Amino acid sequence: MSNEDILNPKQMPREPEKATLEGKNKFIGFWFFLGGETVLFASLFGTFLALRNSTAGGPGTEELFGLELVFIMTMLLLTSSLTSVYAMYHMKNNDFGKMQVWLGVTVALGLAFLGGELYEFNHYIHEYEFTFRSSALGSSFYTLVGFHGGHVLFGLLWIVTLMVRNAKRGLNLYNAPKFYIASLYWHFIDVVWVFIFTVVYLMGKVG
Amino acid sequence: MTKDTNSTHHNEFEKAEHKDEMKHQVISFAMMIIFTIAAFAVVATDAIGKYFTIPIILLLALVQVIFQLYYFMHLKNKGHEMPALMIYGGIAVAFMTILTFTTIIWW
């Protein structure tokens with residue numbers, strides 16, 4: 001059996017993402033990375049929580065935030081998390097076409113989310129003159145939420161790159177771990193967003 | 001010939017298994033949507049007063065994240081001992097980081 005045959009089975013093994021040593025290593029390594037990311041975001045959350053009332057005479061969170069847009073963005077990101085689950089479902093059934101379709105839906109929802117975030121930032125800057133330099137609240141808010149938005153952008157580029165790179169190659173045991181890990185990253189982005197909408201927006205609205 | 005039949009059966013068994021997992025994931029998605037709507041509703045309607053609102057929305061977020069980690073990210077599946085260690089290690093340090101930042105560093 002050549003290496004090529006091993007990587008291209010007729011049907012996917014039980015856990016295609018962990019069928020090769022490389023896949024296993026990616027899997028463990030990526031969770032290690034997620035543990036680190038948790039701490040990194042915690043430092044930004046901690047900073048925001050400590051500085052969220054330091055408005056320097058500018059608008060505060062209660063005045064700034066509106067719940068409608070945040071709710072829509074939350075639904076978009078939450079749904080994109082489900083669509084990437086669907087993509088992994090089709091990966092396990094070795095259905096490359098459907099996996100690509102669901103990844104495409106995930107990317108579209110992620111783009112819509114990013115659009116909402118850009119609109120929101122633009123709104124704050126032009127309607128309220130609330131910028132990164134306005135106050136400690138401004139700095140910590142844009143750092144935390146912007147860093148999450150950066151993660152969304154990176155995740156989108158990552159998934160699109162995988163989709164384009166493997167479009168003609170199809171699904172095999174070499175790239176299955178890559179897709180799986182990209183989807184883990186996407187779920188993690190949603191995990192962080194759950195805390196952002198709760199801690200930043202909802203708690204900001206409560207005051 | 002027999003081998004082929006076996007493999008088809010095996011395949012169908014796995015497909016059924018994947019379908020079952022997918023069902024659980026769709027249910028957890030529905031739960032996550034409900035938790036999200038509940039959190040937004042509590043804040044938007046101001047139904048339960050300022051002091052109860054914050055603990056309740058934090059609790060809703062926590063439960064939702066547990067669903068996300070265990071069902072969407074498969075932490076409930078076998079072979080996830082190391083990932084659990086990594087993520088809980090991360091959460092433990094994250095907790096201390098938030099505590100430190102809110103009490104000592106940025107006062």
# chains A, B, ... in the order shown; residues from 1 in each chain; ligands from 1
>>> residues_around(residues="region 52-69 of chain B", least_positions_apart="2", cutoff="7 Å", atoms="only C-alpha atoms", output="PDB file with C-alpha atoms, in the first residue's frame")
ATOM      1  CA  VAL A 191     -17.193  30.760  22.758  1.00  0.00           C
ATOM      2  CA  VAL A 194     -20.684  34.463  24.109  1.00  0.00           C
ATOM      3  CA  PHE A 195     -18.674  36.142  26.854  1.00  0.00           C
ATOM      4  CA  THR A 198     -22.665  38.929  27.959  1.00  0.00           C
ATOM      5  CA  MET A 203     -23.578  43.962  31.424  1.00  0.00           C
TER       6      MET A 203
ATOM      7  CA  SER B  28     -27.655  21.810  21.813  1.00  0.00           C
ATOM      8  CA  MET B  32     -27.909  27.811  22.955  1.00  0.00           C
ATOM      9  CA  PHE B  35     -30.149  30.762  26.421  1.00  0.00           C
ATOM     10  CA  ALA B  39     -30.106  36.574  28.357  1.00  0.00           C
ATOM     11  CA  VAL B  42     -33.671  39.608  30.825  1.00  0.00           C
ATOM     12  CA  VAL B  43     -31.585  42.686  30.070  1.00  0.00           C
ATOM     13  CA  ILE B  48     -35.620  40.920  37.591  1.00  0.00           C
ATOM     14  CA  GLY B  49     -33.747  43.953  38.847  1.00  0.00           C
ATOM     15  CA  LYS B  50     -30.161  45.062  38.529  1.00  0.00           C
ATOM     16  CA  TYR B  71     -21.123  19.094  21.921  1.00  0.00           C
ATOM     17  CA  PHE B  72     -19.801  21.355  19.167  1.00  0.00           C
ATOM     18  CA  MET B  73     -16.132  20.893  20.028  1.00  0.00           C
ATOM     19  CA  HIS B  74     -16.655  17.221  20.979  1.00  0.00           C
ATOM     20  CA  LEU B  75     -15.113  17.493  24.434  1.00  0.00           C
TER      21      LEU B  75
END
>>> closest_atom_pairs(of="chain B", to="chain A", cutoff="6 Å", atoms="only C-alpha atoms", output="CSV")
residue,atom,partner,partner_atom,distance
B:Val65,CA,A:Val191,CA,5.8
B:Pro83,CA,A:Trp31,CA,5.3
B:Met86,CA,A:Gly35,CA,5.2
B:Ile87,CA,A:Gly35,CA,4.6
B:Gly90,CA,A:Gly35,CA,4.3
B:Ala94,CA,A:Val39,CA,4.5
B:Thr97,CA,A:Ser43,CA,5.9
B:Ile98,CA,A:Gly46,CA,4.3
B:Phe101,CA,A:Gly46,CA,5.1
B:Thr102,CA,A:Ala50,CA,4.8
B:Trp106,CA,A:Ala50,CA,5.8
>>> select_by_dssp(residues="region 39-98 of chain A", states="alpha helix (DSSP H)", output="PyMOL selection string")
chain A and resi 39-51+61-64+67-92+96-98
>>> closest_residue(among="B:Thr103, B:Ala47, B:Tyr88, B:Lys76", to="Gln25 (chain B)", atoms="only C-alpha atoms")
B:Lys76
>>> closest_residue(among="B:Leu99, B:Lys23, B:Phe29, B:Ala16", to="Ser80 (chain A)", atoms="only C-alpha atoms")
B:Phe29
>>> decode(residues="region 9-76 of chain B", atoms="C-alpha atoms", output="PDB file, in the first residue's frame")
ATOM      1  CA  HIS B   9     -22.924  -2.571   7.193  1.00  0.00           C
ATOM      2  CA  HIS B  10     -20.059  -0.983   8.998  1.00  0.00           C
ATOM      3  CA  ASN B  11     -20.529   2.124   6.900  1.00  0.00           C
ATOM      4  CA  GLU B  12     -24.224   2.296   7.654  1.00  0.00           C
ATOM      5  CA  PHE B  13     -23.588   1.830  11.331  1.00  0.00           C
ATOM      6  CA  GLU B  14     -21.137   4.707  11.336  1.00  0.00           C
ATOM      7  CA  LYS B  15     -23.472   6.889   9.325  1.00  0.00           C
ATOM      8  CA  ALA B  16     -26.264   6.229  11.813  1.00  0.00           C
ATOM      9  CA  GLU B  17     -23.856   7.082  14.602  1.00  0.00           C
ATOM     10  CA  HIS B  18     -22.892  10.362  12.943  1.00  0.00           C
ATOM     11  CA  LYS B  19     -26.553  11.161  12.446  1.00  0.00           C
ATOM     12  CA  ASP B  20     -27.196  10.549  16.124  1.00  0.00           C
ATOM     13  CA  GLU B  21     -24.377  12.878  17.110  1.00  0.00           C
ATOM     14  CA  MET B  22     -25.669  15.479  14.676  1.00  0.00           C
ATOM     15  CA  LYS B  23     -29.090  15.275  16.326  1.00  0.00           C
ATOM     16  CA  HIS B  24     -27.538  16.009  19.711  1.00  0.00           C
ATOM     17  CA  GLN B  25     -25.678  18.923  18.212  1.00  0.00           C
ATOM     18  CA  VAL B  26     -28.832  20.392  16.708  1.00  0.00           C
ATOM     19  CA  ILE B  27     -30.555  20.059  20.093  1.00  0.00           C
ATOM     20  CA  SER B  28     -27.655  21.810  21.813  1.00  0.00           C
ATOM     21  CA  PHE B  29     -27.843  24.541  19.174  1.00  0.00           C
ATOM     22  CA  ALA B  30     -31.522  25.035  20.000  1.00  0.00           C
ATOM     23  CA  MET B  31     -30.626  25.248  23.698  1.00  0.00           C
ATOM     24  CA  MET B  32     -27.909  27.811  22.955  1.00  0.00           C
ATOM     25  CA  ILE B  33     -30.388  29.936  21.003  1.00  0.00           C
ATOM     26  CA  ILE B  34     -32.833  29.764  23.903  1.00  0.00           C
ATOM     27  CA  PHE B  35     -30.149  30.762  26.421  1.00  0.00           C
ATOM     28  CA  THR B  36     -29.110  33.666  24.226  1.00  0.00           C
ATOM     29  CA  ILE B  37     -32.658  34.926  23.806  1.00  0.00           C
ATOM     30  CA  ALA B  38     -33.236  34.539  27.551  1.00  0.00           C
ATOM     31  CA  ALA B  39     -30.106  36.574  28.357  1.00  0.00           C
ATOM     32  CA  PHE B  40     -31.078  39.375  25.960  1.00  0.00           C
ATOM     33  CA  ALA B  41     -34.695  39.329  27.174  1.00  0.00           C
ATOM     34  CA  VAL B  42     -33.671  39.608  30.825  1.00  0.00           C
ATOM     35  CA  VAL B  43     -31.585  42.686  30.070  1.00  0.00           C
ATOM     36  CA  ALA B  44     -33.966  44.304  27.573  1.00  0.00           C
ATOM     37  CA  THR B  45     -37.058  43.994  29.764  1.00  0.00           C
ATOM     38  CA  ASP B  46     -35.214  44.634  33.045  1.00  0.00           C
ATOM     39  CA  ALA B  47     -37.564  42.049  34.540  1.00  0.00           C
ATOM     40  CA  ILE B  48     -35.620  40.920  37.591  1.00  0.00           C
ATOM     41  CA  GLY B  49     -33.747  43.953  38.847  1.00  0.00           C
ATOM     42  CA  LYS B  50     -30.161  45.062  38.529  1.00  0.00           C
ATOM     43  CA  TYR B  51     -28.553  42.820  41.130  1.00  0.00           C
ATOM     44  CA  PHE B  52     -29.958  39.536  39.864  1.00  0.00           C
ATOM     45  CA  THR B  53     -29.546  40.294  36.169  1.00  0.00           C
ATOM     46  CA  ILE B  54     -25.758  40.110  36.036  1.00  0.00           C
ATOM     47  CA  PRO B  55     -25.314  36.753  37.824  1.00  0.00           C
ATOM     48  CA  ILE B  56     -28.109  35.257  35.734  1.00  0.00           C
ATOM     49  CA  ILE B  57     -26.719  36.349  32.351  1.00  0.00           C
ATOM     50  CA  LEU B  58     -23.251  35.143  33.397  1.00  0.00           C
ATOM     51  CA  LEU B  59     -24.743  31.782  34.344  1.00  0.00           C
ATOM     52  CA  LEU B  60     -26.580  31.581  31.001  1.00  0.00           C
ATOM     53  CA  ALA B  61     -23.309  32.339  29.186  1.00  0.00           C
ATOM     54  CA  LEU B  62     -21.491  29.658  31.166  1.00  0.00           C
ATOM     55  CA  VAL B  63     -24.077  26.978  30.399  1.00  0.00           C
ATOM     56  CA  GLN B  64     -24.080  27.942  26.742  1.00  0.00           C
ATOM     57  CA  VAL B  65     -20.294  27.704  26.563  1.00  0.00           C
ATOM     58  CA  ILE B  66     -20.401  24.257  28.173  1.00  0.00           C
ATOM     59  CA  PHE B  67     -22.763  23.145  25.388  1.00  0.00           C
ATOM     60  CA  GLN B  68     -20.438  24.639  22.814  1.00  0.00           C
ATOM     61  CA  LEU B  69     -17.353  22.945  24.271  1.00  0.00           C
ATOM     62  CA  TYR B  70     -18.874  19.533  24.955  1.00  0.00           C
ATOM     63  CA  TYR B  71     -21.123  19.094  21.921  1.00  0.00           C
ATOM     64  CA  PHE B  72     -19.801  21.355  19.167  1.00  0.00           C
ATOM     65  CA  MET B  73     -16.132  20.893  20.028  1.00  0.00           C
ATOM     66  CA  HIS B  74     -16.655  17.221  20.979  1.00  0.00           C
ATOM     67  CA  LEU B  75     -15.113  17.493  24.434  1.00  0.00           C
ATOM     68  CA  LYS B  76     -17.626  14.857  25.586  1.00  0.00           C
TER      69      LYS B  76
END
